[in-house]
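Trainee: work.txt is the file, holding compact mmCIF, C-alpha atoms and all ligand atoms:
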```txt
# COMPACT_ATOMS: atom_id res chain seq x y z
CA MET A 434 -26.69 14.69 4.01
CA THR A 435 -27.86 14.69 7.64
CA THR A 436 -25.87 14.68 10.82
CA ASP A 437 -27.23 11.39 12.20
CA THR A 438 -24.66 8.68 12.45
CA ILE A 439 -25.72 5.42 10.80
CA LEU A 440 -22.61 3.36 11.54
CA LYS A 441 -19.92 3.59 14.19
CA VAL A 442 -16.70 1.62 13.94
CA ASN A 443 -14.73 1.74 17.19
CA ASN A 444 -11.22 0.46 17.66
CA LEU A 445 -11.57 -2.36 15.12
CA HIS A 446 -8.71 -4.88 15.17
CA VAL A 447 -8.55 -7.72 12.65
CA SER A 448 -5.75 -10.28 12.46
CA PHE A 449 -5.28 -13.42 10.41
CA ARG A 450 -3.68 -16.65 11.49
CA THR A 451 -1.34 -17.68 8.67
CA LEU A 452 1.37 -20.32 8.27
CA ASP A 453 3.98 -17.58 8.71
CA GLY A 454 2.40 -16.18 11.87
CA ILE A 455 -0.22 -13.61 12.83
CA VAL A 456 -0.90 -10.84 10.28
CA ASP A 457 -2.27 -7.71 12.00
CA ALA A 458 -4.23 -6.36 9.04
CA VAL A 459 -6.40 -3.79 10.85
CA ARG A 460 -4.95 -2.14 13.96
CA GLY A 461 -7.52 0.00 15.73
CA VAL A 462 -9.74 1.60 13.09
CA THR A 463 -12.33 4.10 14.33
CA PHE A 464 -14.75 6.19 12.25
CA ASN A 465 -18.40 7.23 12.02
CA LEU A 466 -20.55 7.23 8.92
CA LYS A 467 -23.39 9.72 8.60
CA ARG A 468 -26.65 9.06 6.80
CA GLY A 469 -26.43 10.20 3.19
CA GLU A 470 -22.68 10.84 3.12
CA THR A 471 -19.93 9.31 1.00
CA LEU A 472 -16.83 8.38 2.95
CA ALA A 473 -13.84 7.41 0.83
CA ILE A 474 -11.19 5.13 2.27
CA VAL A 475 -7.87 5.53 0.49
CA GLY A 476 -4.46 3.96 0.85
CA GLU A 477 -1.96 1.74 -0.91
CA SER A 478 -2.57 -1.91 -1.59
CA GLY A 479 -2.45 -3.96 1.60
CA SER A 480 -3.28 -1.05 3.95
CA GLY A 481 -6.36 -2.85 5.32
CA LYS A 482 -9.14 -1.05 3.44
CA SER A 483 -10.96 -4.17 2.20
CA VAL A 484 -10.45 -6.13 5.40
CA SER A 485 -12.00 -3.29 7.47
CA MET A 486 -15.03 -3.19 5.17
CA LYS A 487 -15.42 -6.96 5.01
CA ALA A 488 -15.36 -6.96 8.82
CA ILE A 489 -18.45 -4.71 8.80
CA ASN A 490 -20.42 -7.34 6.88
CA ARG A 491 -18.55 -10.22 8.54
CA VAL A 492 -17.54 -11.77 5.24
CA LEU A 493 -13.98 -12.64 6.27
CA PRO A 494 -12.88 -16.29 6.34
CA ARG A 495 -14.03 -17.69 9.69
CA LYS A 496 -11.27 -20.22 10.06
CA ASN A 497 -8.33 -17.82 10.37
CA THR A 498 -9.80 -14.40 11.24
CA ILE A 499 -9.35 -13.01 14.75
CA PHE A 500 -11.31 -9.90 15.82
CA GLY A 501 -9.83 -7.86 18.67
CA LYS A 502 -12.11 -8.04 21.72
CA GLU A 503 -12.13 -4.27 22.18
CA GLY A 504 -13.57 -3.60 18.70
CA GLU A 505 -17.18 -2.63 17.98
CA ILE A 506 -19.19 -2.02 14.82
CA ILE A 507 -22.44 -0.38 15.89
CA TYR A 508 -25.35 -0.40 13.45
CA GLU A 509 -28.93 0.21 14.59
CA GLY A 510 -27.76 0.06 18.20
CA LYS A 511 -26.23 -3.42 17.86
CA ASN A 512 -22.63 -4.57 17.69
CA LEU A 513 -22.33 -6.42 14.38
CA LEU A 514 -19.20 -8.20 15.57
CA THR A 515 -21.16 -10.11 18.21
CA LEU A 516 -24.52 -10.39 16.47
CA PRO A 517 -25.74 -14.01 16.10
CA GLU A 518 -25.23 -15.25 12.54
CA GLU A 519 -29.02 -15.48 11.82
CA GLU A 520 -29.45 -11.80 12.71
CA MET A 521 -26.36 -10.90 10.70
CA GLU A 522 -27.99 -12.47 7.67
CA SER A 523 -30.69 -9.82 7.73
CA VAL A 524 -28.02 -7.09 7.70
CA ARG A 525 -25.44 -8.52 5.29
CA GLY A 526 -26.25 -7.64 1.68
CA ARG A 527 -29.63 -6.24 2.73
CA LYS A 528 -29.04 -3.27 5.03
CA ILE A 529 -25.35 -3.10 4.18
CA ALA A 530 -24.66 -4.04 0.55
CA MET A 531 -21.27 -4.45 -1.09
CA ILE A 532 -20.09 -4.14 -4.66
CA PHE A 533 -16.67 -5.22 -5.84
CA GLN A 534 -14.27 -4.54 -8.68
CA ASP A 535 -15.26 -7.67 -10.56
CA PRO A 536 -19.05 -8.08 -10.73
CA MET A 537 -18.65 -11.59 -12.15
CA THR A 538 -17.64 -12.79 -8.68
CA SER A 539 -21.01 -11.70 -7.27
CA LEU A 540 -23.31 -12.45 -10.22
CA ASN A 541 -24.57 -15.94 -10.96
CA PRO A 542 -23.42 -16.74 -14.51
CA THR A 543 -26.18 -19.31 -15.03
CA MET A 544 -29.18 -17.10 -14.23
CA THR A 545 -30.62 -14.16 -16.18
CA VAL A 546 -29.87 -10.86 -14.48
CA GLY A 547 -33.57 -9.96 -14.21
CA ARG A 548 -34.24 -13.13 -12.28
CA GLN A 549 -31.25 -12.58 -9.97
CA ILE A 550 -32.44 -9.08 -9.09
CA ALA A 551 -36.08 -10.26 -8.71
CA GLU A 552 -35.00 -13.07 -6.38
CA SER A 553 -33.11 -10.63 -4.26
CA ILE A 554 -36.22 -8.40 -4.03
CA LEU A 555 -38.31 -11.43 -3.02
CA THR A 556 -36.05 -12.10 -0.05
CA HIS A 557 -37.33 -8.97 1.69
CA GLU A 558 -40.61 -8.01 -0.01
CA ASP A 559 -43.79 -10.02 0.20
CA ILE A 560 -44.87 -9.57 -3.43
CA SER A 561 -45.62 -11.86 -6.38
CA LYS A 562 -42.84 -13.09 -8.65
CA ALA A 563 -44.30 -11.07 -11.52
CA ASP A 564 -44.24 -7.88 -9.44
CA ALA A 565 -40.69 -8.61 -8.30
CA MET A 566 -39.66 -8.92 -11.95
CA LYS A 567 -41.36 -5.57 -12.71
CA GLU A 568 -39.41 -4.02 -9.81
CA ALA A 569 -36.19 -5.58 -11.13
CA ILE A 570 -36.78 -4.08 -14.57
CA LYS A 571 -37.47 -0.71 -12.93
CA LEU A 572 -34.20 -0.94 -11.00
CA MET A 573 -32.31 -1.83 -14.18
CA GLY A 574 -33.76 1.29 -15.78
CA LEU A 575 -32.78 3.35 -12.71
CA VAL A 576 -29.12 2.31 -13.02
CA GLY A 577 -29.11 3.29 -16.69
CA ILE A 578 -29.38 -0.05 -18.48
CA ARG A 579 -30.92 0.52 -21.89
CA ASN A 580 -34.00 -1.53 -22.84
CA PRO A 581 -34.24 -2.90 -19.32
CA GLU A 582 -37.10 -5.27 -20.10
CA GLU A 583 -35.19 -6.96 -22.91
CA SER A 584 -31.87 -6.81 -21.02
CA SER A 585 -33.41 -8.47 -17.97
CA ARG A 586 -33.56 -11.71 -19.99
CA ASN A 587 -29.80 -11.64 -20.65
CA TYR A 588 -27.08 -13.48 -18.73
CA PRO A 589 -24.18 -11.59 -17.05
CA HIS A 590 -21.65 -12.49 -19.78
CA GLN A 591 -23.85 -10.78 -22.39
CA PHE A 592 -23.14 -7.36 -20.84
CA SER A 593 -20.05 -5.16 -21.27
CA GLY A 594 -17.86 -4.47 -18.20
CA GLY A 595 -19.53 -1.13 -17.44
CA MET A 596 -23.07 -2.48 -17.94
CA ARG A 597 -22.24 -5.49 -15.76
CA GLN A 598 -21.16 -3.13 -12.98
CA ARG A 599 -24.55 -1.37 -13.38
CA VAL A 600 -26.30 -4.75 -13.07
CA MET A 601 -24.28 -5.40 -9.92
CA ILE A 602 -25.35 -2.02 -8.52
CA ALA A 603 -29.01 -2.78 -9.34
CA LEU A 604 -28.64 -6.12 -7.58
CA SER A 605 -27.09 -4.52 -4.52
CA LEU A 606 -29.89 -1.92 -4.40
CA ALA A 607 -32.64 -4.55 -4.64
CA CYS A 608 -32.88 -4.70 -0.85
CA LYS A 609 -32.87 -0.91 -0.46
CA PRO A 610 -29.72 -0.88 1.68
CA ASP A 611 -28.89 1.90 4.13
CA ILE A 612 -25.21 1.58 3.33
CA LEU A 613 -23.47 0.70 0.08
CA ILE A 614 -19.84 -0.35 0.37
CA ALA A 615 -18.14 -0.01 -3.00
CA ASP A 616 -14.72 -1.71 -3.10
CA GLU A 617 -12.75 -0.32 -6.06
CA PRO A 618 -15.89 -0.64 -8.23
CA THR A 619 -14.46 1.23 -11.20
CA THR A 620 -10.81 0.10 -11.24
CA ALA A 621 -11.29 -2.37 -14.09
CA LEU A 622 -13.26 0.08 -16.25
CA ASP A 623 -12.03 2.62 -18.76
CA VAL A 624 -11.98 6.26 -17.69
CA THR A 625 -15.23 7.40 -19.35
CA ILE A 626 -17.23 4.45 -18.02
CA GLN A 627 -15.57 4.92 -14.61
CA SER A 628 -16.83 8.44 -14.42
CA GLN A 629 -20.36 7.38 -15.48
CA ILE A 630 -20.47 4.73 -12.73
CA LEU A 631 -19.22 7.23 -10.13
CA ASP A 632 -21.93 9.71 -11.21
CA LEU A 633 -24.50 6.91 -11.03
CA ILE A 634 -23.53 5.96 -7.46
CA ASP A 635 -23.63 9.61 -6.47
CA ASP A 636 -27.04 10.08 -8.04
CA LEU A 637 -28.51 6.93 -6.46
CA LYS A 638 -27.12 7.90 -3.07
CA VAL A 639 -29.20 11.07 -3.15
CA LYS A 640 -32.31 9.40 -4.62
CA LEU A 641 -32.27 6.56 -2.09
CA ASN A 642 -30.81 8.50 0.88
CA MET A 643 -28.05 5.91 1.24
CA SER A 644 -24.62 6.27 2.77
CA VAL A 645 -21.70 5.10 0.68
CA ILE A 646 -18.26 3.89 1.72
CA PHE A 647 -15.96 4.03 -1.24
CA ILE A 648 -12.70 2.10 -1.13
CA THR A 649 -10.04 3.16 -3.58
CA HIS A 650 -6.31 3.63 -4.02
CA ASP A 651 -7.02 6.38 -6.56
CA LEU A 652 -7.25 9.89 -5.12
CA GLY A 653 -8.72 11.11 -8.43
CA VAL A 654 -11.78 8.97 -7.75
CA VAL A 655 -11.99 10.37 -4.23
CA ALA A 656 -12.11 13.93 -5.51
CA HIS A 657 -15.05 12.90 -7.71
CA VAL A 658 -17.22 11.30 -5.04
CA ALA A 659 -16.25 11.90 -1.43
CA ASP A 660 -17.72 14.12 1.26
CA ARG A 661 -15.12 12.87 3.74
CA VAL A 662 -11.89 10.95 3.31
CA ALA A 663 -10.08 8.51 5.60
CA VAL A 664 -6.49 7.72 4.67
CA MET A 665 -5.24 4.29 5.75
CA TYR A 666 -1.68 3.10 6.21
CA ALA A 667 -0.56 -0.27 7.57
CA GLY A 668 -3.91 -1.14 9.10
CA LYS A 669 -4.66 2.27 10.64
CA ILE A 670 -6.48 5.43 9.67
CA ILE A 671 -3.72 8.02 9.78
CA GLU A 672 -5.74 11.05 8.66
CA ILE A 673 -9.46 11.76 8.35
CA GLY A 674 -11.28 14.91 7.32
CA THR A 675 -13.62 16.48 4.82
CA ALA A 676 -12.57 16.09 1.18
CA GLU A 677 -11.51 19.78 1.15
CA GLU A 678 -9.39 19.33 4.29
CA ILE A 679 -7.63 16.25 2.93
CA PHE A 680 -7.03 17.72 -0.52
CA TYR A 681 -6.17 21.27 0.47
CA ASN A 682 -4.88 21.10 4.03
CA PRO A 683 -3.39 17.62 4.48
CA GLN A 684 -1.25 17.26 7.60
CA HIS A 685 0.21 13.75 7.46
CA PRO A 686 3.39 13.20 5.40
CA TYR A 687 1.82 10.02 3.97
CA THR A 688 -1.17 12.02 2.70
CA TRP A 689 1.31 14.56 1.28
CA GLY A 690 2.97 11.69 -0.61
CA LEU A 691 -0.37 10.39 -1.93
CA ILE A 692 -1.37 13.85 -3.16
CA CYS A 693 2.02 14.50 -4.75
CA SER A 694 1.76 11.18 -6.60
CA MET A 695 -1.57 12.14 -8.18
CA PRO A 696 -1.12 12.66 -11.91
CA THR A 697 -2.17 16.09 -13.17
CA LEU A 698 -2.81 17.22 -16.74
CA ASP A 699 0.83 18.25 -17.18
CA THR A 700 2.47 15.23 -15.51
CA THR A 701 4.38 12.87 -17.74
CA ASP A 702 4.94 9.30 -16.60
CA ASP A 703 8.66 9.82 -15.96
CA HIS A 704 7.90 12.79 -13.68
CA LEU A 705 5.23 11.13 -11.57
CA TYR A 706 6.25 11.16 -7.92
CA SER A 707 5.91 7.96 -5.95
CA ILE A 708 6.37 7.47 -2.21
CA PRO A 709 9.76 5.81 -1.74
CA GLY A 710 10.02 2.36 -0.13
CA ALA A 711 7.30 -0.17 0.50
CA PRO A 712 4.63 -0.69 3.17
CA PRO A 713 5.77 -2.71 6.19
CA ASN A 714 5.44 -6.45 6.45
CA MET A 715 2.32 -6.87 8.58
CA LEU A 716 3.84 -9.99 10.14
CA HIS A 717 6.66 -7.95 11.68
CA MET A 718 5.49 -4.44 12.39
CA PRO A 719 8.33 -2.00 13.13
CA LYS A 720 8.51 -0.25 16.49
CA GLY A 721 6.92 3.23 16.55
CA ASP A 722 5.13 4.74 13.56
CA ALA A 723 4.83 2.19 10.73
CA PHE A 724 5.39 4.95 8.16
CA ALA A 725 8.61 6.26 9.74
CA PRO A 726 11.09 4.34 7.52
CA ARG A 727 9.49 5.93 4.40
CA ASN A 728 8.91 9.32 5.94
CA ALA A 729 11.35 12.08 4.97
CA TYR A 730 9.86 14.18 7.81
CA ALA A 731 10.18 11.49 10.52
CA LEU A 732 11.21 12.69 13.98
CA ALA A 733 13.22 10.60 16.46
CA ILE A 734 10.03 9.83 18.39
CA ASP A 735 8.48 8.26 15.25
CA TYR A 736 10.89 5.34 15.62
CA GLU A 737 9.89 4.86 19.25
CA LYS A 738 6.20 5.57 19.67
CA GLU A 739 3.11 5.52 17.48
CA PRO A 740 1.59 8.98 17.18
CA PRO A 741 -1.91 9.55 18.58
CA PHE A 742 -4.52 11.50 16.65
CA PHE A 743 -4.09 15.27 16.87
CA LYS A 744 -7.09 17.49 16.23
CA VAL A 745 -6.73 19.89 13.32
CA SER A 746 -10.38 21.00 13.24
CA ASP A 747 -13.68 19.58 14.50
CA THR A 748 -13.79 17.41 11.37
CA HIS A 749 -10.09 16.84 10.75
CA TYR A 750 -7.64 14.61 12.67
CA ALA A 751 -4.18 13.34 11.78
CA ALA A 752 -1.86 10.87 13.50
CA THR A 753 1.54 12.51 13.07
CA TRP A 754 4.01 13.73 15.69
CA LEU A 755 4.51 16.80 13.50
CA LEU A 756 1.26 18.11 14.99
CA HIS A 757 2.58 17.88 18.56
CA PRO A 758 2.87 21.40 20.02
CA GLN A 759 6.59 20.84 20.64
CA ALA A 760 7.42 19.40 17.22
CA PRO A 761 9.72 21.43 14.97
CA SER A 762 7.99 23.31 12.16
CA VAL A 763 8.62 21.72 8.77
CA THR A 764 7.86 22.86 5.24
CA PRO A 765 5.81 20.33 3.28
CA PRO A 766 6.44 19.63 -0.43
CA ALA A 767 5.79 22.64 -2.72
CA GLU A 768 2.54 21.18 -4.09
CA ILE A 769 1.17 20.84 -0.54
CA VAL A 770 2.21 24.38 0.40
CA ARG A 771 0.40 25.61 -2.75
CA ARG A 772 -2.74 23.76 -1.73
CA GLN A 773 -2.55 24.94 1.88
CA GLN A 774 -2.25 28.53 0.66
CA ILE A 775 -5.46 28.11 -1.35
CA PHE A 776 -7.13 26.58 1.72
CA ASN A 777 -5.92 29.37 4.00
CA SER A 778 -7.16 32.15 1.76
CA PHE A 779 -10.49 30.37 1.30
CA MET A 780 -10.92 29.89 5.07
CA LYS A 781 -10.04 33.54 5.64
CA GLN A 782 -12.77 34.65 3.24
CA GLU A 783 -15.27 32.20 4.73
CA ASP A 784 -14.52 33.37 8.24
CA GLY A 785 -14.86 37.03 7.33
CA GLY A 786 -11.40 37.79 8.62
CA ASN A 787 -11.22 35.91 11.94
CA ASP A 788 -8.07 33.93 12.53
CA TYR A 789 -9.38 30.38 11.82
CA ALA A 790 -6.95 29.81 9.00
CA TYR A 791 -3.95 30.74 11.10
CA ARG A 792 -5.05 28.52 13.95
CA HIS A 793 -5.59 25.46 11.79
CA ALA A 794 -3.54 25.66 8.67
CA GLY A 795 -0.18 27.31 8.93
CA SER A 796 2.19 26.94 5.99
CA GLY A 797 4.25 24.50 8.08
CA ALA A 798 2.92 21.26 9.41
CA ARG A 799 1.45 22.83 12.53
N1 LIG B 1 -7.70 -14.07 4.48
C1 LIG B 1 -6.52 -13.52 4.73
N2 LIG B 1 -5.53 -14.23 5.32
C2 LIG B 1 -4.33 -13.65 5.59
N3 LIG B 1 -4.02 -12.37 5.31
C3 LIG B 1 -4.98 -11.63 4.73
C4 LIG B 1 -6.26 -12.14 4.39
N4 LIG B 1 -7.00 -11.16 3.80
C5 LIG B 1 -6.20 -10.07 3.77
N5 LIG B 1 -4.99 -10.34 4.31
C6 LIG B 1 -3.87 -9.39 4.49
O1 LIG B 1 -4.36 -8.26 5.17
C7 LIG B 1 -3.71 -7.07 4.72
C8 LIG B 1 -4.75 -6.03 4.32
O2 LIG B 1 -5.42 -6.47 3.13
P1 LIG B 1 -6.56 -5.65 2.41
O3 LIG B 1 -7.12 -6.51 1.33
O4 LIG B 1 -7.49 -5.09 3.40
O5 LIG B 1 -5.76 -4.45 1.76
P2 LIG B 1 -6.33 -3.30 0.85
O6 LIG B 1 -5.88 -2.03 1.47
O7 LIG B 1 -7.78 -3.46 0.61
O8 LIG B 1 -5.50 -3.55 -0.46
P3 LIG B 1 -6.01 -3.81 -1.96
O9 LIG B 1 -6.26 -2.45 -2.50
O10 LIG B 1 -4.85 -4.50 -2.59
O11 LIG B 1 -7.22 -4.70 -1.83
C9 LIG B 1 -2.80 -7.50 3.60
O12 LIG B 1 -1.50 -7.65 4.14
C10 LIG B 1 -3.36 -8.84 3.16
O13 LIG B 1 -2.36 -9.66 2.64
```
Write out the structure in this file as structure tokens.
Ligand SMILES: Nc1ncnc2c1ncn2[C@@H]1O[C@H](COP(=O)(O)OP(=O)(O)OP(=O)(O)O)[C@@H](O)[C@H]1O

Mentor:
Amino acid sequence: MTTDTILKVNNLHVSFRTLDGIVDAVRGVTFNLKRGETLAIVGESGSGKSVSMKAINRVLPRKNTIFGKEGEIIYEGKNLLTLPEEEMESVRGRKIAMIFQDPMTSLNPTMTVGRQIAESILTHEDISKADAMKEAIKLMGLVGIRNPEESSRNYPHQFSGGMRQRVMIALSLACKPDILIADEPTTALDVTIQSQILDLIDDLKVKLNMSVIFITHDLGVVAHVADRVAVMYAGKIIEIGTAEEIFYNPQHPYTWGLICSMPTLDTTDDHLYSIPGAPPNMLHMPKGDAFAPRNAYALAIDYEKEPPFFKVSDTHYAATWLLHPQAPSVTPPAEIVRRQQIFNSFMKQEDGGNDYAYRHAGSGAR
């Protein structure tokens, strides 16, 4: 992974006009993506993960989508939100590719998969059809499809779910994208296949020097793939940091809830924690912090004013009033305290005894 930024999303707002009124689905999302890194975006259903990513490739329905004027998505020095449609066509699917949970929605059921991949190669490479087919077969081999030459003559329905997802990945890689956006790509697959696909994406990312944005509601998946993690709630990123910071030193009570609801080897279904309540109705956002009504640690100010981002470290920010210097100190759930203790002792060792850990990761929220 390098430090150059390949994509910058600044203050992205996306709303939808609906019969019931305006739905504010994305409310000021800002993040950078570095070349070669995997950024995971996590959050409950409806938190705005997919809409934010679809905004990057401008694949949202034109008739009812409203982009906030202040938003920017900067790729190769250009704002994708204002790029003319013809120029966007050379970015969408080519420089920035997307794969979804159900590959059948992106694959053409009436065309052999080899031909679909070859056609995609031909859209950006000036080579013969025969050479494009050879490339397609090579790509199918690269994503782990057995007997790629023979398989290239098969139609999508002739593949199993896991193999179809590999075909989809090969298709998305045909244009050698800089960025692969994977929207819950393994949710429909069984656990073993899921883990194979995650390993494959990780492996290809290194081989092809791609950046990956991974959307998921499953923190287990995040632990497997992510360099950095952004946690979304009600259309906003509420915490962002390296995977270690989010897993071992989370600061936002919503992230605490997500971590506490992760099953472990000794969790039984009836003991699995779940965050009480439901996400807000995006048609009628409550005043103050949208998470306040579900937040056992909410302060009075949470019901009045949305918290800004507070800096935890150079790579870690969280939008919770608990990080305000004048906020009372609270004790997070036991599982979070346990993790923060591991983080603190690790940081102490890393820092050879300087006080980093005490500055950034006290056992309370501050
Ligand atoms: N075309 C649309 N018209 C109106 N509302 C929409 C549209 N697309 C998405 N929404 C709304 O925007 C909000 C965010 O949806 P989004 O799909 O981004 O959530 P998500 O976090 O990806 O959840 P999931 O994991 O279920 O896909 C939801 O309230 C959803 O109902």

Trainee: Taking 3 positions as the minimum chain separation for residues in the same chain, which residues sit within 10 Å of range 452-464 of chain A when counting all atoms listed in the file? Answer as JSON, numbers by chain.

Mentor: {"A": [440, 441, 442, 443, 444, 445, 446, 447, 448, 449, 472, 479, 480, 481, 482, 483, 484, 485, 488, 497, 498, 499, 500, 501, 503, 504, 505, 506, 663, 665, 666, 667, 668, 669, 670, 671, 673, 714, 715, 716, 717, 718]}

Trainee: From the options A:Ser762, A:Gln684, A:Thr619, A:Ser478, which residue's atoms come nearest to ligand LIG 1 (chain B), counting only C-alpha atoms and all ligand atoms?

Mentor: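 Counting only C-alpha atoms and all ligand atoms, the residue closest to ligand LIG 1 (chain B) is A:Ser478.
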
Trainee: Would you tabulate, counting all atoms listed in the file, all residues of range 522-608 of chain A that have an atom at most 12 Å from an atom of range 639-651 of chain A, showing the closest pair of atoms and their distance in Å to one decimal, sorted by chain then ascending number, as a Markdown table?

Mentor:
```
| residue | atom | partner | partner_atom | distance |
| --- | --- | --- | --- | --- |
| A:Lys528 | CA | A:Met643 | CA | 10.0 |
| A:Ile529 | CA | A:Ser644 | CA | 9.5 |
| A:Ala530 | CA | A:Val645 | CA | 9.6 |
| A:Met531 | CA | A:Ile646 | CA | 9.3 |
| A:Ile532 | CA | A:Phe647 | CA | 9.8 |
| A:Phe533 | CA | A:Ile648 | CA | 9.6 |
| A:Gln534 | CA | A:Thr649 | CA | 10.2 |
| A:Leu572 | CA | A:Leu641 | CA | 11.8 |
| A:Leu575 | CA | A:Lys640 | CA | 10.1 |
| A:Val576 | CA | A:Lys640 | CA | 11.4 |
| A:Ser605 | CA | A:Met643 | CA | 12.0 |
| A:Leu606 | CA | A:Leu641 | CA | 9.1 |
| A:Ala607 | CA | A:Leu641 | CA | 11.4 |
| A:Cys608 | CA | A:Leu641 | CA | 11.3 |
```

Trainee: How many Å lie between CA of His557 in chain A and CA of Arg597 in chain A, rounded to one decimal?

Mentor: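 These two atoms are separated by 23.3 Å.
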
Trainee: Would you work out the distance separating CA of Arg527 in chain A from atom O4 of ligand LIG 1 (chain B), expressed in Å to one decimal?

Mentor: 22.2 Å

Trainee: As an exercise, work out the distance from CA of Thr688 in chain A to atom C5 of ligand LIG 1 (chain B) in Å and give it to one decimal place.

Mentor: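 Computed distance, CA of Thr688 in chain A to atom C5 of ligand LIG 1 (chain B), equals 22.7 Å.
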
Trainee: Near Lys738 in chain A, counting all atoms listed in the file, which residues have an atom at most 12 Å away, once you skip same-chain residues fewer than 5 positions from it, shown as a VMD selection string?

Mentor: chain A and resid 719 to 725 731 to 733 752 to 754

Trainee: Pick from A:Leu604, A:Leu514, A:Met486, A:Leu691: nearest to ligand LIG 1 (chain B), with all atoms listed in the file counted?

Mentor: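 For ligand LIG 1 (chain B), the nearest of the candidates is A:Met486.
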
Trainee: Which polymer residues, protein or nucleic acid, are no farther than 7 Å from (-5.5, 16.5, 8.8), counting all atoms listed in the file, as JSON, numbers by chain?

Mentor: {"A": [672, 673, 674, 678, 679, 682, 683, 684, 685, 745, 749, 750, 751]}
